[in-house]
Structures are given as C-alpha cells and as structure tokens.
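Just coords.txt here, compact mmCIF, C-alpha atoms and all ligand atoms:
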```txt
# COMPACT_ATOMS: atom_id res chain seq x y z
CA MET F 5 -126.06 99.62 -30.21
CA SER F 6 -126.58 102.09 -27.44
CA GLU F 7 -130.18 102.77 -26.49
CA HIS F 8 -129.17 106.07 -24.94
CA LEU F 9 -130.38 109.23 -26.58
CA LEU F 10 -128.85 111.57 -24.02
CA GLU F 11 -126.04 111.17 -21.50
CA VAL F 12 -125.32 113.84 -18.89
CA SER F 13 -122.29 113.23 -16.67
CA ASP F 14 -121.26 115.29 -13.68
CA LEU F 15 -122.99 118.49 -14.74
CA HIS F 16 -122.11 121.57 -12.70
CA VAL F 17 -123.67 124.97 -13.20
CA THR F 18 -121.98 128.02 -11.72
CA MET F 19 -123.95 131.26 -11.45
CA GLN F 20 -122.87 134.67 -10.19
CA ARG F 21 -124.65 136.15 -7.21
CA ARG F 22 -123.60 139.64 -6.19
CA GLY F 23 -120.21 138.98 -7.73
CA LEU F 24 -119.65 135.64 -5.97
CA PRO F 25 -119.93 132.23 -7.63
CA ILE F 26 -122.61 129.78 -6.51
CA THR F 27 -123.11 126.22 -7.76
CA PRO F 28 -126.85 125.57 -7.90
CA VAL F 29 -126.35 122.41 -10.02
CA ASP F 30 -123.64 120.35 -8.41
CA GLY F 31 -122.85 117.03 -10.05
CA VAL F 32 -125.96 115.88 -11.93
CA SER F 33 -125.64 112.69 -14.00
CA LEU F 34 -128.45 111.03 -15.90
CA THR F 35 -129.18 109.06 -19.04
CA LEU F 36 -132.26 109.00 -21.19
CA ASP F 37 -133.31 106.28 -23.62
CA ARG F 38 -134.97 106.86 -26.96
CA GLY F 39 -138.69 107.55 -26.47
CA GLU F 40 -138.36 107.59 -22.71
CA ILE F 41 -140.13 110.08 -20.45
CA LEU F 42 -138.09 111.16 -17.42
CA GLY F 43 -139.65 113.40 -14.78
CA ILE F 44 -137.71 115.73 -12.50
CA ALA F 45 -139.24 116.91 -9.22
CA GLY F 46 -137.87 118.77 -6.23
CA GLU F 47 -138.49 121.89 -4.18
CA SER F 48 -138.14 125.34 -5.64
CA GLY F 49 -134.48 126.27 -6.13
CA SER F 50 -133.19 122.69 -6.35
CA GLY F 51 -131.72 123.31 -9.82
CA LYS F 52 -134.30 121.72 -12.12
CA THR F 53 -134.60 124.61 -14.56
CA LEU F 54 -130.85 125.24 -14.73
CA THR F 55 -130.23 121.52 -15.41
CA LEU F 56 -132.71 121.58 -18.28
CA ARG F 57 -131.40 124.84 -19.70
CA SER F 58 -127.80 123.62 -19.58
CA ILE F 59 -128.60 120.96 -22.16
CA LEU F 60 -129.33 123.65 -24.75
CA GLY F 61 -126.80 126.17 -23.48
CA LEU F 62 -129.62 128.51 -22.45
CA LEU F 63 -128.36 129.55 -19.02
CA PRO F 64 -129.19 133.00 -17.65
CA LYS F 65 -126.50 135.64 -18.06
CA GLY F 66 -123.33 134.82 -16.12
CA GLY F 67 -124.11 131.11 -15.94
CA VAL F 68 -121.48 128.53 -16.89
CA ALA F 69 -122.15 124.81 -17.33
CA GLU F 70 -119.41 122.20 -17.01
CA GLY F 71 -119.74 118.49 -17.52
CA ASP F 72 -119.95 115.88 -20.25
CA LEU F 73 -123.13 116.07 -22.33
CA ARG F 74 -123.76 113.66 -25.21
CA PHE F 75 -126.68 113.28 -27.59
CA SER F 76 -127.49 111.01 -30.50
CA ASN F 77 -129.80 112.36 -33.16
CA ASP F 78 -129.38 109.50 -35.61
CA GLY F 79 -129.48 106.32 -33.52
CA GLY F 80 -125.71 106.04 -33.23
CA ARG F 81 -123.61 106.39 -30.10
CA PRO F 82 -124.27 109.63 -28.20
CA ALA F 83 -121.55 112.19 -28.92
CA PRO F 84 -120.66 115.64 -27.59
CA PHE F 85 -122.64 118.40 -29.31
CA GLU F 86 -122.92 122.14 -29.67
CA PRO F 87 -126.21 123.40 -28.18
CA THR F 88 -126.74 125.66 -31.19
CA GLU F 89 -126.50 122.68 -33.53
CA VAL F 90 -129.16 120.61 -31.77
CA HIS F 91 -131.59 123.33 -30.68
CA GLY F 92 -134.47 123.02 -33.13
CA HIS F 93 -132.62 120.16 -34.78
CA GLY F 94 -133.19 117.16 -32.53
CA ILE F 95 -133.89 118.94 -29.23
CA SER F 96 -136.67 121.41 -28.44
CA ILE F 97 -137.61 123.15 -25.19
CA ILE F 98 -140.88 124.43 -23.76
CA PHE F 99 -140.81 126.96 -20.94
CA GLN F 100 -143.37 127.75 -18.31
CA GLU F 101 -143.99 131.34 -19.41
CA PRO F 102 -145.13 131.34 -23.05
CA MET F 103 -145.29 135.12 -23.28
CA THR F 104 -141.58 135.64 -22.78
CA ALA F 105 -140.72 132.99 -25.36
CA LEU F 106 -142.99 134.30 -28.13
CA ASN F 107 -141.90 137.16 -30.33
CA PRO F 108 -144.60 139.86 -29.87
CA THR F 109 -143.99 141.23 -33.37
CA MET F 110 -144.49 137.91 -35.14
CA ARG F 111 -147.83 136.38 -36.08
CA VAL F 112 -148.18 133.04 -34.31
CA GLY F 113 -148.43 131.06 -37.55
CA ASP F 114 -145.12 132.53 -38.74
CA HIS F 115 -143.59 131.75 -35.38
CA ILE F 116 -144.50 128.06 -35.69
CA ALA F 117 -143.42 127.98 -39.36
CA GLU F 118 -139.99 129.41 -38.63
CA GLY F 119 -138.41 126.12 -37.45
CA PRO F 120 -139.50 124.06 -40.48
CA ARG F 121 -138.35 126.87 -42.80
CA ILE F 122 -134.94 127.38 -41.23
CA HIS F 123 -134.06 123.91 -39.98
CA GLN F 124 -135.84 121.75 -42.52
CA GLY F 125 -135.56 124.05 -45.51
CA MET F 126 -139.30 124.03 -46.26
CA SER F 127 -140.79 126.56 -48.66
CA LYS F 128 -142.79 129.37 -47.11
CA ALA F 129 -146.08 127.88 -48.33
CA ASP F 130 -145.27 124.36 -47.08
CA ALA F 131 -144.12 125.68 -43.71
CA ARG F 132 -147.36 127.62 -43.40
CA THR F 133 -149.44 124.51 -44.14
CA ARG F 134 -147.35 122.61 -41.61
CA ALA F 135 -147.89 125.33 -38.98
CA ILE F 136 -151.65 125.05 -39.39
CA GLU F 137 -151.48 121.25 -39.14
CA LEU F 138 -149.47 121.58 -35.93
CA MET F 139 -151.93 124.10 -34.50
CA ARG F 140 -154.71 121.62 -35.18
CA LEU F 141 -152.63 118.82 -33.64
CA VAL F 142 -152.20 120.71 -30.35
CA GLY F 143 -155.92 121.47 -30.22
CA ILE F 144 -156.03 125.12 -31.28
CA PRO F 145 -159.53 125.79 -32.68
CA SER F 146 -159.86 127.65 -36.02
CA PRO F 147 -156.10 127.40 -36.75
CA GLU F 148 -156.29 129.23 -40.11
CA ARG F 149 -157.73 132.30 -38.43
CA ARG F 150 -155.53 132.12 -35.34
CA ALA F 151 -152.34 131.67 -37.38
CA ARG F 152 -152.74 135.31 -38.45
CA MET F 153 -153.07 136.58 -34.87
CA TRP F 154 -150.42 138.21 -32.68
CA PRO F 155 -149.38 136.50 -29.40
CA HIS F 156 -151.16 139.10 -27.23
CA GLN F 157 -154.47 138.30 -28.94
CA LEU F 158 -154.42 134.71 -27.62
CA SER F 159 -155.31 133.41 -24.16
CA GLY F 160 -152.54 131.99 -21.96
CA GLY F 161 -153.65 128.46 -22.75
CA LEU F 162 -153.56 129.04 -26.50
CA ARG F 163 -150.17 130.74 -26.28
CA GLN F 164 -148.78 127.73 -24.46
CA ARG F 165 -150.18 125.50 -27.20
CA VAL F 166 -148.46 127.72 -29.76
CA MET F 167 -145.19 127.16 -27.87
CA ILE F 168 -145.78 123.41 -27.89
CA ALA F 169 -146.61 123.46 -31.62
CA THR F 170 -143.40 125.45 -32.19
CA ALA F 171 -141.34 122.96 -30.18
CA LEU F 172 -142.85 120.04 -32.08
CA SER F 173 -142.54 121.66 -35.50
CA THR F 174 -139.04 120.30 -36.03
CA GLU F 175 -139.99 116.75 -34.91
CA PRO F 176 -137.46 116.62 -32.07
CA LYS F 177 -136.04 113.38 -30.70
CA LEU F 178 -135.93 115.05 -27.30
CA LEU F 179 -138.41 117.53 -25.87
CA LEU F 180 -137.40 119.41 -22.72
CA CYS F 181 -140.41 120.65 -20.73
CA ASP F 182 -140.12 123.05 -17.81
CA GLU F 183 -143.49 123.02 -16.06
CA PRO F 184 -145.21 123.44 -19.42
CA THR F 185 -148.75 123.03 -18.17
CA THR F 186 -148.64 124.68 -14.74
CA ALA F 187 -150.31 127.84 -16.01
CA LEU F 188 -153.09 125.97 -17.82
CA ASP F 189 -156.42 124.80 -16.46
CA VAL F 190 -156.79 121.13 -15.69
CA SER F 191 -158.72 120.06 -18.77
CA VAL F 192 -156.27 121.75 -21.16
CA GLN F 193 -153.41 120.29 -19.13
CA ASP F 194 -154.87 116.79 -19.56
CA GLN F 195 -155.18 117.28 -23.31
CA ILE F 196 -151.58 118.43 -23.61
CA LEU F 197 -150.26 115.56 -21.50
CA GLY F 198 -152.26 113.17 -23.68
CA LEU F 199 -150.76 114.76 -26.76
CA LEU F 200 -147.21 114.40 -25.41
CA GLN F 201 -147.81 110.73 -24.67
CA GLU F 202 -149.22 110.19 -28.13
CA LEU F 203 -146.23 111.89 -29.77
CA ARG F 204 -143.81 109.86 -27.72
CA GLY F 205 -145.44 106.77 -29.18
CA ARG F 206 -145.70 108.04 -32.74
CA LEU F 207 -142.40 109.93 -33.15
CA GLU F 208 -140.43 107.95 -30.55
CA MET F 209 -139.80 111.31 -28.95
CA ALA F 210 -138.14 111.30 -25.51
CA ILE F 211 -139.17 113.88 -22.93
CA ILE F 212 -137.64 115.36 -19.80
CA PHE F 213 -140.54 116.82 -17.86
CA VAL F 214 -139.93 119.13 -14.90
CA SER F 215 -142.93 119.56 -12.63
CA HIS F 216 -144.04 120.09 -9.06
CA ASP F 217 -147.13 118.00 -9.73
CA ILE F 218 -146.33 114.49 -8.51
CA ALA F 219 -149.67 113.13 -9.75
CA VAL F 220 -148.89 114.36 -13.28
CA LEU F 221 -145.36 112.95 -13.08
CA GLY F 222 -146.66 109.58 -11.93
CA GLU F 223 -149.14 109.50 -14.77
CA LEU F 224 -146.79 110.63 -17.53
CA CYS F 225 -143.27 109.45 -16.71
CA ASP F 226 -141.42 106.17 -17.05
CA ARG F 227 -138.73 107.23 -14.60
CA LEU F 228 -138.56 109.95 -12.00
CA ALA F 229 -135.52 111.83 -10.66
CA ILE F 230 -135.79 113.74 -7.39
CA MET F 231 -133.51 116.78 -7.03
CA TYR F 232 -132.39 118.37 -3.79
CA ALA F 233 -129.86 121.18 -3.42
CA GLY F 234 -128.38 120.82 -6.89
CA GLN F 235 -128.12 117.04 -6.94
CA ILE F 236 -130.24 114.04 -7.86
CA VAL F 237 -130.95 112.25 -4.58
CA GLU F 238 -133.07 109.45 -5.99
CA ILE F 239 -133.97 108.04 -9.41
CA GLY F 240 -135.97 105.05 -10.57
CA PRO F 241 -139.23 103.91 -12.16
CA ALA F 242 -141.77 106.67 -11.44
CA ASP F 243 -144.36 104.45 -9.76
CA ASP F 244 -141.76 102.87 -7.47
CA VAL F 245 -140.17 106.18 -6.48
CA ILE F 246 -143.60 107.63 -5.68
CA SER F 247 -145.03 104.65 -3.81
CA GLN F 248 -141.84 103.36 -2.14
CA PRO F 249 -139.27 106.14 -1.78
CA ASN F 250 -135.69 105.12 -1.03
CA HIS F 251 -134.65 108.56 0.19
CA PRO F 252 -136.13 110.41 3.19
CA TYR F 253 -136.33 113.57 1.08
CA THR F 254 -138.45 111.80 -1.51
CA ALA F 255 -140.64 110.45 1.27
CA ALA F 256 -141.04 113.94 2.74
CA LEU F 257 -141.79 115.39 -0.70
CA MET F 258 -144.47 112.76 -1.35
CA ALA F 259 -146.00 113.40 2.09
CA SER F 260 -146.13 117.12 1.29
CA VAL F 261 -148.40 116.80 -1.76
CA PRO F 262 -152.18 116.48 -1.48
CA SER F 263 -153.32 112.87 -1.66
CA PHE F 264 -153.78 111.50 -5.14
CA GLN F 265 -157.41 110.64 -4.42
CA GLY F 266 -158.48 113.78 -2.63
CA THR F 267 -158.19 117.28 -4.00
CA SER F 268 -158.49 119.80 -1.20
CA GLU F 269 -156.17 118.47 1.50
CA GLU F 270 -153.87 120.91 3.24
CA LEU F 271 -150.36 121.03 1.82
CA GLN F 272 -147.86 119.89 4.42
CA GLY F 273 -144.58 121.60 3.67
CA ILE F 274 -141.29 120.02 4.65
CA PRO F 275 -140.04 121.78 7.81
CA GLY F 276 -136.92 123.91 7.39
CA HIS F 277 -135.31 125.22 4.21
CA PRO F 278 -132.99 123.79 1.57
CA PRO F 279 -129.35 124.89 1.98
CA ASP F 280 -128.14 127.95 0.10
CA PRO F 281 -126.26 127.10 -3.11
CA GLY F 282 -123.45 129.37 -1.92
CA ALA F 283 -122.89 127.28 1.20
CA PHE F 284 -123.36 123.57 0.65
CA ALA F 285 -121.98 121.53 3.56
CA SER F 286 -120.24 118.18 3.17
CA GLY F 287 -122.16 114.94 3.56
CA CYS F 288 -125.88 114.60 2.91
CA ARG F 289 -127.43 118.02 2.23
CA PHE F 290 -130.82 116.90 3.50
CA ALA F 291 -129.46 115.69 6.86
CA PRO F 292 -130.29 118.91 8.78
CA ARG F 293 -133.99 118.48 7.83
CA CYS F 294 -134.09 114.68 7.89
CA ALA F 295 -136.15 112.97 10.59
CA PHE F 296 -133.89 109.91 10.29
CA ALA F 297 -130.47 111.59 10.22
CA ARG F 298 -127.61 109.90 12.10
CA ASP F 299 -124.14 111.10 12.98
CA ASP F 300 -122.51 109.52 9.95
CA CYS F 301 -124.90 111.22 7.49
CA THR F 302 -122.93 114.44 7.51
CA GLN F 303 -119.57 112.69 7.43
CA THR F 304 -119.94 110.39 4.47
CA THR F 305 -119.18 111.40 0.92
CA TYR F 306 -122.32 111.93 -0.99
CA GLU F 307 -123.15 109.97 -4.13
CA LEU F 308 -126.02 108.25 -5.89
CA ARG F 309 -125.69 104.48 -5.32
CA PRO F 310 -127.69 101.75 -7.05
CA THR F 311 -130.09 99.81 -4.81
CA SER F 312 -131.38 97.56 -7.60
CA ASP F 313 -131.14 97.20 -11.39
CA ASP F 314 -133.21 100.28 -12.05
CA ARG F 315 -133.10 102.35 -8.87
CA ALA F 316 -130.51 104.49 -7.11
CA THR F 317 -130.53 106.58 -3.94
CA ALA F 318 -128.07 108.94 -2.31
CA CYS F 319 -129.25 108.02 1.19
CA ILE F 320 -126.69 105.92 3.08
CA HIS F 321 -129.43 104.57 5.38
CA PRO F 322 -132.34 103.84 3.05
CA GLU F 323 -133.37 101.02 5.40
CA VAL F 324 -134.78 103.62 7.83
CA LEU F 325 -137.75 104.05 5.50
CA ALA F 326 -138.62 100.36 5.66
CA GLN F 327 -138.96 100.45 9.46
CA PRO F 328 -142.50 100.81 10.79
N1 LIG F 401 -130.28 134.06 -13.06
C1 LIG F 401 -129.75 133.58 -11.93
N2 LIG F 401 -128.73 134.21 -11.31
C2 LIG F 401 -128.18 133.74 -10.17
N3 LIG F 401 -128.59 132.61 -9.56
C3 LIG F 401 -129.61 131.94 -10.11
C4 LIG F 401 -130.24 132.37 -11.33
N4 LIG F 401 -131.22 131.49 -11.64
C5 LIG F 401 -131.18 130.55 -10.67
N5 LIG F 401 -130.23 130.82 -9.76
C6 LIG F 401 -129.90 130.02 -8.55
O1 LIG F 401 -130.02 128.66 -8.87
C7 LIG F 401 -130.95 128.02 -8.00
C8 LIG F 401 -131.69 126.97 -8.80
O2 LIG F 401 -132.50 127.61 -9.78
P1 LIG F 401 -133.50 126.83 -10.70
O3 LIG F 401 -134.24 127.87 -11.45
O4 LIG F 401 -132.79 125.78 -11.47
O5 LIG F 401 -134.46 126.11 -9.62
P2 LIG F 401 -135.74 125.23 -9.88
O6 LIG F 401 -135.49 123.88 -9.25
O7 LIG F 401 -136.10 125.25 -11.30
O8 LIG F 401 -136.84 125.98 -9.00
P3 LIG F 401 -138.41 126.24 -9.32
O9 LIG F 401 -139.10 124.98 -8.90
O10 LIG F 401 -138.75 127.40 -8.43
O11 LIG F 401 -138.56 126.55 -10.77
C9 LIG F 401 -131.80 129.15 -7.44
O12 LIG F 401 -132.27 128.86 -6.17
C10 LIG F 401 -130.82 130.30 -7.39
O13 LIG F 401 -130.05 130.20 -6.20
MG MG F 402 -137.66 126.05 -12.36
```
Target format structure tokens, applied to this file:
Amino acid sequence: MSEHLLEVSDLHVTMQRRGLPITPVDGVSLTLDRGEILGIAGESGSGKTLTLRSILGLLPKGGVAEGDLRFSNDGGRPAPFEPTEVHGHGISIIFQEPMTALNPTMRVGDHIAEGPRIHQGMSKADARTRAIELMRLVGIPSPERRARMWPHQLSGGLRQRVMIATALSTEPKLLLCDEPTTALDVSVQDQILGLLQELRGRLEMAIIFVSHDIAVLGELCDRLAIMYAGQIVEIGPADDVISQPNHPYTAALMASVPSFQGTSEELQGIPGHPPDPGAFASGCRFAPRCAFARDDCTQTTYELRPTSDDRATACIHPEVLAQP
C-alpha cells in the first residue's frame, strides 16, 4: 500500500504579466505521506503561494497550472482529482489574510458551520453545535457569543482562528497553510502551532506549511523544502536541512535569519535579487548570487538529485559547503 497522500509531479504555473506569459512555478515535484508535515521556505516571489494554490485550483485570474497531481482521500493509491471535489472534502486551505477569506455578510458561526452542512450533510442544529465545538478547540473564548458576531467585530487573531476552525470543520486529510500565523502575536501563534501538531496526531492530518519563519518550520515540520525561482532546490528532514544545508541557497537563507537563540539580531539579507520569472536562465538559477559558483554551474541541466535516502539537492557541487 502506498503511504503517499499527495503526489505532485512536474508542476508548472503560467501567469500573465502585461499580456506576456511568465512561469513562476517551474517544475515542482513533491510527495507527502499521511500525517506528515512538510514546510516550504524561500524568499518572497519564489512561488510558494502559487504552488499551494495550484493544488486546489485556486490560482489568481489568468493563472494556469500544468502537471500531474494525485491525492488519496481513502488510503488507496493516490489518483488524479478535480480541485472542486477535494476542496472541503479531504483538503482545506488557510490563507495569510483572514479578512479576504471571510464573508463579511455571514456570522462567523454560520461560516464555520457551512462546510459540515454542505460537505457532510449535517443538520443546521448539528452543524451549529459543531461550529461552537471547533471555536472552542481553536481557543476562541466565549464561542456561543462570538458565533453570532460578524467578521469585522473580531480581532485579527480571532478571525484567523475562525479561518482555522473553518478549515478543520470538514476534518481534512491535508491542510494547506500559507503563512497562517504571520499576522498573529507570538503567544497566539504558539497555541495555533500546538493545535496543528495535536490534530496531526489525532486526525492523522498532513500539513503543508509555507512560512518565512525558519524557527517555526524547524519546530513544526518533519521535512522542509526550500524554493528558489520557481523550483525546489533542496528537500529533506527539517532539522538536517536547517543545520546542515546541502545547497548554497539554503545556507544563505539560514544565515539570513536571526539566530534561533537570540531575538534581536540584525537580519542579513542575501545580496542580489532572485531572477525574474519572465527570464530564467539555463543552469542553476542561484549561480549569479552564489559565493561558490563555478563555470559549470550555469552550463549543467538543473534537477533535484538525491544525496541520501531522505535528502535531495539541486546543487551540483554540494561538497563546497563541507569545506571549512
Ligand atoms: N496574480 C498574479 N499575476 C501575475 N503574476 C503573479 C501573480 N501572483 C504571483 N505572480 C508571480 O509569481 C511569483 C511567485 O508568486 P508567489 O505568490 O507564489 O510567491 P511567494 O513565494 O508566495 O512569495 P511571498 O513569500 O512574498 O508570499 C511572483 O513573484 C510574481 O512574479
Ligand atoms: Mg506567498
């Protein structure tokens, strides 16, 4: 039996920019096991959000996804699926901005109850009870009273919890999270991350978690994928990728975050800029910014190659990182 819950092969996303096509996601492949938490990190614009949205067919206007996507809701072999069939029925998504995802004309309790009513055929009364349970589960105080409120009456933190309760209301096998806690303060963020970990254990729910926060990713994720210029450049167990990068971009990204012990260190950005998705060159896309680049880096075909059982890197000279 396959352990895979999700298989993504050679995903390309084409967007339109001023009438010209660009390919901000350019050959992403990944698999996810049941109950596994995969993190995705990478600089702004690397294609993290579009990759996540492609899985549910939620690309911005003009976007087209191509590639082979397979999902298994019932424990069988992953099979191709229609995004509309799995959204709310096996796969849920949480976005960074809760306000845009909540219907302003719907009381928050009704919003959470909608999934169980439509997808699970619950009665109105049962769905309402379920919504209040879920609100309690995600740590919303006085859920009975708040269920009757409108989105604008809640704080940002509570709105994000409403979104999480909504996403969880259909007991998904896969939860897609796009920086779900970035807008929340640290203590609320910790509670939500704790909740996600608990649900992974209890519901065997897998998670893909996009974040810029390497410390959070290290804490939460089993595996970590690093994206650069529309491609995954490194993937492996989160602790290994963070502590012993096999790609110079990963190493530069790790060096650019404040130390995990300290809090107020200066951010050290990576010099230079990522390439424009309208003009990707051949060879390694990081080479122009890479401190270790050699002549052959821009000549070789680019692909993710295994370096061990559970790790892969796109760097053709990963040994440079081992040198003192
Ligand atoms: N609606 C859009 N129309 C045209 N191009 C877009 C659109 N959204 C994204 N893109 C292009 O795709 C690239 C990747 O976008 P994406 O939102 O996936 O990046 P990201 O990795 O999630 O970045 P961030 O960390 O800032 O959220 C962008 O840099 C931009 O070039
Ligand atoms: Mg994004």
query: Can you tell me how far atom C7 of ligand LIG 401 (chain F) sits from atom CA of Val17 of chain F, in Å to one decimal?
result: 9.5 Å
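In this model, the gap between atom CA of Asp299 of chain F and atom CA of Val237 of chain F comes to 18.9 Å.
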task: Provide the atom CA of Ala229 of chain F to atom CA of Ile44 of chain F distance in Å, to one decimal place.
output: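 Atom CA of Ala229 of chain F sits 4.8 Å away from atom CA of Ile44 of chain F.
Of the listed residues (F:Glu40, F:Asp280, F:Asp226, F:Asp189), F:Asp280 comes nearest to ligand LIG 401 (chain F); the distances count all atoms listed in the file.
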field: Pick from F:Pro87, F:Gly61, F:Gly67, F:Pro292 nearest to ligand LIG 401 (chain F), counting all atoms listed in the file
entry: F:Gly67
- request: Could you tell me, counting all atoms listed in the file, which protein and nucleic acid residues lie no more than 12 Å from ligand MG 402 (chain F), written as an NGL selection string?
  value: :F and (28 or 44-57 or 63 or 98-101 or 181-184 or 186 or 213-216 or 231 or 234)
field: Selected residue, from F:Leu141, F:Leu228, F:Ala83, F:Ala233, that lies nearest to ligand LIG 401 (chain F) when counting only C-alpha atoms and all ligand atoms
entry: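 For ligand LIG 401 (chain F), the nearest of the given residues is F:Ala233.
Each of F:Leu10, F:Ile320, F:Leu24, F:Ala210 was compared to Gly282 of chain F using all atoms listed in the file, and F:Leu24 turns out to be the nearest.
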query: Skipping near chain neighbours, those fewer than 6 positions away, what residues fall within 8 Å of Gly92 of chain F using all atoms listed in the file, listed as a list in words?
result: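 What passes the distance filter is Gly119, His123, Ala171, Thr174 and Pro176 of chain F.
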field: Which of F:Gly113, F:Gly80, F:Gly23, F:Pro147 sits closest to ligand LIG 401 (chain F) [using only C-alpha atoms and all ligand atoms]
entry: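 Using only C-alpha atoms and all ligand atoms, the shortest distance to ligand LIG 401 (chain F) belongs to F:Gly23.
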task: Go through F:Val245, F:Ile230, F:Val166, F:Ala135 and flag the residue nearest ligand LIG 401 (chain F), using only C-alpha atoms and all ligand atoms for the distances.
output: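 Checking each of F:Val245, F:Ile230, F:Val166, F:Ala135 against ligand LIG 401 (chain F), counting only C-alpha atoms and all ligand atoms, the winner is F:Ile230.
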- prompt: Residues at most 12 Å from Ile239 of chain F, counting only C-alpha atoms, excluding those fewer than 6 positions away in the same chain, as number ranges by chain?
  reply: F: 32-36, 42-46, 225-232, 245-246, 248-251, 254, 308-319
